[in-house]
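Participant: Structure incoming, see below.
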Amino acid sequence: MVPTNYYLILSAILFGLGTVAFVFKRNIITIFMAIELMLNAVNLAFVAFSQSLGKPDGEVFVLFVIVVAAAEAAVGLGIIILTARTRRSLNVERVDLLKL
Amino acid sequence: MSDFLTQYAYLIIPIIKVLILVVIVLTVDAYLTWIERKLIAHIQARWGPHRVGPHGLLQPLADGLKFIFKEDPLPSHVDKVTYFLAPFLALMLALTSLGVIPFGPQRFKVFGYETGIAIADVNISLLVLFAITALAVYGVALAGWASNSKYSLLGGLRSSAQMISYELALTLSVVGVLLLAGTFSLRDIIEHQDNGNLGLLGWNIFGFSKDGAGFTQVIGFLCFYIAAIAETNRIPFDLAEAESELVAGFHTEYASMKFAMFFIAEYTSMITISCLATILFFGGWLSPFPASWTFTYYVPSVVLIPLGLWVIFDGLRYETLLGRVVLPGVGTVLAVIGVALIVFPPVNDAIQGVFWFLAKVFTFLFIYVWMRGTLPRFRYDQLMSFGWKFLLPVSIANVVLTSAVVLWRMH
Amino acid sequence: MTGALVIFFALAALAVLGAISLIVQRHPIHSALSLIVVMVALAGLYLLMGAEFVAAVQIIVYGGAIMVLFIFVIMLLNAGEEERTNFSRLATFAGVPLALAVTGLIGAGIARSSASLPAPEPGGVLTSTRTLSTLLFSEFVYPFELTSFLILVAILGAIVLAQREN
């Protein structure tokens, strides 16, 4: 079988790549997708620990993380739509002043 | 050699089953288009295809050849990766969903590897089907966007919004069946409906069972079927791809082979939904007659022998080679199979489950096509308000009602 | 090299390639498609570990609803390719190696602390949906009700935010 370490290292790699994407990309929607990638990496760590310890509590928590990510995606994308409508650009560098 | 086969049987046998299933499903798809065109034509008081081969039976072959030889253009303004991905995704998902459906109850041993008539008989097969239905939205949405044209984008967005709206009602309407059966495995759901001498009444649509713990799932079935028609984008819910409305909706910019892939994906998902409706609500491979009426084991023969004789007499009317020789040949084969089922009881026992399963699936496909020929289509706002304001609350009410009955009976 | 290890490395490579593709692609739709590939690969990994319900929920909710929402928004806003920016050369030259160094540090820390984990191998324990639901409705019923309230608030918020001004 596959040792737990392997899953945790994969989770760390995905988290690191999510952080790189979060810092380096300019489009608001892509930055949001990087946040989802980081949440997925954390989910993987949760499930790996839950299986390794034999208790299903971790998987229940993964369900909660998925639900919260869904709620956050809905509201966040609503905000993005509004921002894009008023500022007419999806570049995050143009959203640097409180007033248009 | 047989050592190698025994060791790797768990890989080779499913691959062979996949090949057989893909060939069978593609042939059934092709002849489903023939059935649809003939049936709609007869509903509309005209002939349908009747020139290409006797009764137009070679029409699907002619269509297939046309698709192969037609030019497959690549417009210059499309997003190439997504343009190629969308039909491939639609077809792949539609064919994958057939992998978890059990077609019959038999289990047999090949090279020491015991298997059934499903390709992958997992214990979460219903969840796998829901997951694939959820991913099927991408085929349509990406096709609409990649084509880089107004009609396609509008059609794609509308169609995918419709699909995700009705997906909720689809999954909720099945929860009643899950509560009664207590498992996600499709095979176990059919086993749960097997109530010995109750036959037809033990199916989930009627819900009688020996220990009195069943509840009729009529509301669930109606919600499921309506939501499924909306999911597969068929009339009366096909505004997004209607010929007279949006040119052709999301597949406007797709020509020969890629369009054929969308086409086959649509018919294959029709077949999957029909299989799912029979398994969940109508007892799958169970016979509608009680098990003690053993004379009903000869129903397949009673159906096949007259059918074979009719095909022979019909073929003799024709003057062409195909009509004069092939049709009577096919008829003779059917009649011989019917007689062989009477003479060899073990074969008859093996064929029972698959026969009833196929009969029910074809009934549902017939209803699908019948609805296409009869009903007008919904306007888009009517469609969306029906899905959210009527179907979803009714599905939730069904879940609440079924769980209340199950709890009350458990006391 | 057992079958489970082969499948693990295949799915892990697919996930990492999807994540790299998310960073490298210029158009947001291609990044979204790469993220969908990552999610399906992770669902495969959950199945390999034996968490079957979580794998199905991952594909149905994350891959079939949240990512569809992303793709709708990208299509609606008509997001084009990213513009080239030359704001900071330092970020490109020093940033990527630093990010790799931090990831390597975390990975090495995890690999070194393997001795403290009670059971080193997951998998083989098939968590049934019955177990999860019993836990969800007995021990975790308070967070469950709170998350349903959270979803309601999110629905209201999204509807109010995306309204057209009258």
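Ordering of the structure tokens sets the chain letters (A, B, ...), residue numbers begin anew at 1 in every chain, and ligands are numbered from 1 in the order given.
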Using only C-alpha atoms, determine which residues lie at most 9 Å from range 51-65 of chain C, disregarding the query and same-chain residues fewer than 2 positions distant; provide the list as an mmCIF file with C-alpha atoms, in the first residue's frame.
Facilitator:
```cif
data_model
loop_
_atom_site.group_PDB
_atom_site.id
_atom_site.type_symbol
_atom_site.label_atom_id
_atom_site.label_comp_id
_atom_site.auth_asym_id
_atom_site.auth_seq_id
_atom_site.Cartn_x
_atom_site.Cartn_y
_atom_site.Cartn_z
ATOM 1 C CA VAL A 47 -8.300 12.457 4.105
ATOM 2 C CA GLN A 51 -7.424 6.991 6.770
ATOM 3 C CA GLU A 59 -13.566 12.926 6.048
ATOM 4 C CA VAL A 60 -16.521 14.650 7.710
ATOM 5 C CA VAL A 62 -13.506 17.466 4.293
ATOM 6 C CA LEU A 63 -17.250 17.629 3.562
ATOM 7 C CA ILE A 66 -16.036 21.534 0.386
ATOM 8 C CA VAL A 67 -19.282 23.202 1.465
ATOM 9 C CA ALA A 69 -15.457 26.485 -0.473
ATOM 10 C CA ALA A 70 -18.684 26.382 -2.459
ATOM 11 C CA ILE B 124 -21.113 3.112 -5.250
ATOM 12 C CA LEU B 127 -22.804 7.871 -7.057
ATOM 13 C CA VAL B 128 -20.523 7.241 -10.039
ATOM 14 C CA PHE B 130 -24.317 11.075 -10.591
ATOM 15 C CA ALA B 131 -20.710 12.208 -10.846
ATOM 16 C CA ILE B 132 -20.646 11.542 -14.580
ATOM 17 C CA THR B 133 -23.974 13.357 -15.045
ATOM 18 C CA ALA B 134 -22.505 16.314 -13.161
ATOM 19 C CA LEU B 135 -19.475 16.394 -15.458
ATOM 20 C CA ALA B 136 -21.602 16.144 -18.599
ATOM 21 C CA VAL B 137 -22.348 19.870 -18.372
ATOM 22 C CA TYR B 138 -18.814 20.603 -19.547
ATOM 23 C CA ILE B 164 -27.336 22.131 -13.749
ATOM 24 C CA LEU C 35 -7.983 22.799 -12.200
ATOM 25 C CA ILE C 36 -10.756 20.370 -13.174
ATOM 26 C CA VAL C 37 -8.056 17.834 -14.099
ATOM 27 C CA MET C 39 -9.790 17.770 -8.945
ATOM 28 C CA VAL C 40 -10.555 14.589 -10.844
ATOM 29 C CA LEU C 42 -7.587 14.056 -6.384
ATOM 30 C CA ALA C 43 -10.914 12.237 -6.493
ATOM 31 C CA GLY C 44 -9.037 9.238 -7.882
ATOM 32 C CA LEU C 45 -6.594 9.487 -4.978
ATOM 33 C CA TYR C 46 -9.457 9.568 -2.486
ATOM 34 C CA LEU C 47 -10.846 6.413 -4.078
ATOM 35 C CA LEU C 48 -7.415 4.798 -3.799
ATOM 36 C CA MET C 49 -7.404 5.608 -0.093
ATOM 37 C CA MET C 67 -15.931 24.753 -11.470
ATOM 38 C CA VAL C 68 -19.007 25.127 -13.674
ATOM 39 C CA LEU C 69 -19.645 28.367 -11.792
ATOM 40 C CA PHE C 70 -16.090 29.508 -12.538
ATOM 41 C CA GLY C 123 -5.982 2.461 2.367
ATOM 42 C CA VAL C 125 -10.334 0.700 5.181
ATOM 43 C CA LEU C 126 -13.429 1.449 3.126
ATOM 44 C CA THR C 127 -15.291 4.217 4.925
ATOM 45 C CA SER C 128 -18.957 3.543 4.294
ATOM 46 C CA THR C 129 -21.466 6.325 3.824
ATOM 47 C CA LEU C 132 -19.961 9.198 7.748
#
```
Participant: If we count only C-alpha atoms, what is near range 93-109 of chain C at a cut-off of 9 Å, once residues fewer than 5 positions away on the same chain are taken out, given as a VMD selection string?
Facilitator: (chain A and resid 8 to 13 15 to 17 19 to 20 24) or (chain C and resid 114)
Participant: Just write the chosen residues, N, CA and C atoms, as a JSON list (two decimals), in the first residue's frame.
Facilitator:
```json
[["chain", "number", "residue", "atom", "x", "y", "z"],
["A", 8, "LEU", "N", 1.11, 13.18, 1.90],
["A", 8, "LEU", "CA", 1.37, 14.48, 2.52],
["A", 8, "LEU", "C", 2.36, 15.30, 1.69],
["A", 9, "ILE", "N", 3.34, 14.64, 1.11],
["A", 9, "ILE", "CA", 4.28, 15.39, 0.26],
["A", 9, "ILE", "C", 3.54, 15.92, -0.97],
["A", 10, "LEU", "N", 2.67, 15.09, -1.54],
["A", 10, "LEU", "CA", 1.89, 15.58, -2.69],
["A", 10, "LEU", "C", 1.03, 16.76, -2.28],
["A", 11, "SER", "N", 0.45, 16.71, -1.07],
["A", 11, "SER", "CA", -0.37, 17.82, -0.60],
["A", 11, "SER", "C", 0.48, 19.08, -0.46],
["A", 12, "ALA", "N", 1.73, 18.92, 0.06],
["A", 12, "ALA", "CA", 2.61, 20.09, 0.20],
["A", 12, "ALA", "C", 2.96, 20.67, -1.16],
["A", 13, "ILE", "N", 3.24, 19.78, -2.14],
["A", 13, "ILE", "CA", 3.59, 20.28, -3.48],
["A", 13, "ILE", "C", 2.43, 21.05, -4.08],
["A", 15, "PHE", "N", 0.02, 22.55, -2.52],
["A", 15, "PHE", "CA", -0.15, 23.80, -1.78],
["A", 15, "PHE", "C", 0.87, 24.84, -2.24],
["A", 16, "GLY", "N", 2.12, 24.39, -2.42],
["A", 16, "GLY", "CA", 3.15, 25.31, -2.89],
["A", 16, "GLY", "C", 2.83, 25.86, -4.27],
["A", 17, "LEU", "N", 2.37, 24.97, -5.15],
["A", 17, "LEU", "CA", 2.03, 25.44, -6.50],
["A", 17, "LEU", "C", 0.85, 26.40, -6.45],
["A", 19, "THR", "N", 0.21, 28.45, -4.00],
["A", 19, "THR", "CA", 0.73, 29.74, -3.54],
["A", 19, "THR", "C", 1.45, 30.47, -4.66],
["A", 20, "VAL", "N", 2.24, 29.75, -5.46],
["A", 20, "VAL", "CA", 2.94, 30.37, -6.58],
["A", 20, "VAL", "C", 1.93, 30.99, -7.53],
["A", 24, "PHE", "N", 1.68, 35.00, -8.46],
["A", 24, "PHE", "CA", 2.20, 35.45, -9.73],
["A", 24, "PHE", "C", 1.18, 35.79, -10.79],
["C", 114, "SER", "N", 8.15, 11.09, 9.73],
["C", 114, "SER", "CA", 7.30, 9.93, 9.47],
["C", 114, "SER", "C", 7.27, 8.98, 10.66]]
```
Participant: Which polymer residues have any atom within 12 Å of an atom of Ile29 in chain C, counting only C-alpha atoms, with same-chain residues fewer than 5 positions away left out, as a PyMOL selection string?
Facilitator: (chain A and resi 27+29-30+33) or (chain B and resi 79+81-82+138+141-142+145-146) or (chain C and resi 21-22+34-36+67-82)
Participant: Taking only C-alpha atoms into account, name the residue in A:Ile31, A:Leu39, A:Val92, A:Ala71 that is nearest to chain C.
Facilitator: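 Once distances to chain C are computed over only C-alpha atoms, the minimum belongs to A:Ala71.
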Participant: So the first atom is CA of Leu383 in chain B and the second is CA of Ala162 in chain C; what is the distance between them in Å, to one decimal place?
Facilitator: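 Calculated distance between CA of Leu383 in chain B and CA of Ala162 in chain C is 21.5 Å.
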Participant: Report, in Å to a single decimal, how far apart CA of Lys389 in chain B and CA of Leu93 in chain B are.
Facilitator: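 Between CA of Leu93 in chain B and CA of Lys389 in chain B the gap works out to 29.1 Å.
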Participant: Between CA of Gly155 in chain B and CA of Leu89 in chain B, what is the distance, to one decimal in Å?
Facilitator: 17.9 Å
Participant: Would you mind writing down, as a list in words, each residue of range 44-291 of chain B that DSSP on the backbone assigns to strand (DSSP E)?
Facilitator: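 So the strand (DSSP E) residues in range 44-291 of chain B would be Arg107, Phe108, Lys109, Val110, Tyr113, Glu114, Thr115 and Gly116 of chain B.
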Participant: Can I get the selection written as a CSV table (one decimal), in the first residue's frame, with C-alpha atoms?
Facilitator:
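Okay, part-v4.csv is ready:
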```csv
chain,number,residue,atom,x,y,z
B,107,ARG,CA,-22.3,-14.5,-12.5
B,108,PHE,CA,-19.9,-16.7,-14.3
B,109,LYS,CA,-16.3,-17.8,-14.0
B,110,VAL,CA,-13.8,-17.2,-16.8
B,113,TYR,CA,-12.0,-15.0,-12.5
B,114,GLU,CA,-15.6,-14.6,-11.3
B,115,THR,CA,-17.5,-11.8,-12.8
B,116,GLY,CA,-21.0,-10.6,-13.7
```
Participant: Could you name the residues that touch Phe8 in chain C at 8 Å or less, counting only C-alpha atoms, but leaving out those on the same chain fewer than 3 positions away, as a list in words?
Facilitator: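 In the requested format, the answer is Val2 of chain A; Ala4, Leu5, Leu11, Ala12, Leu45 and Leu48 of chain C.
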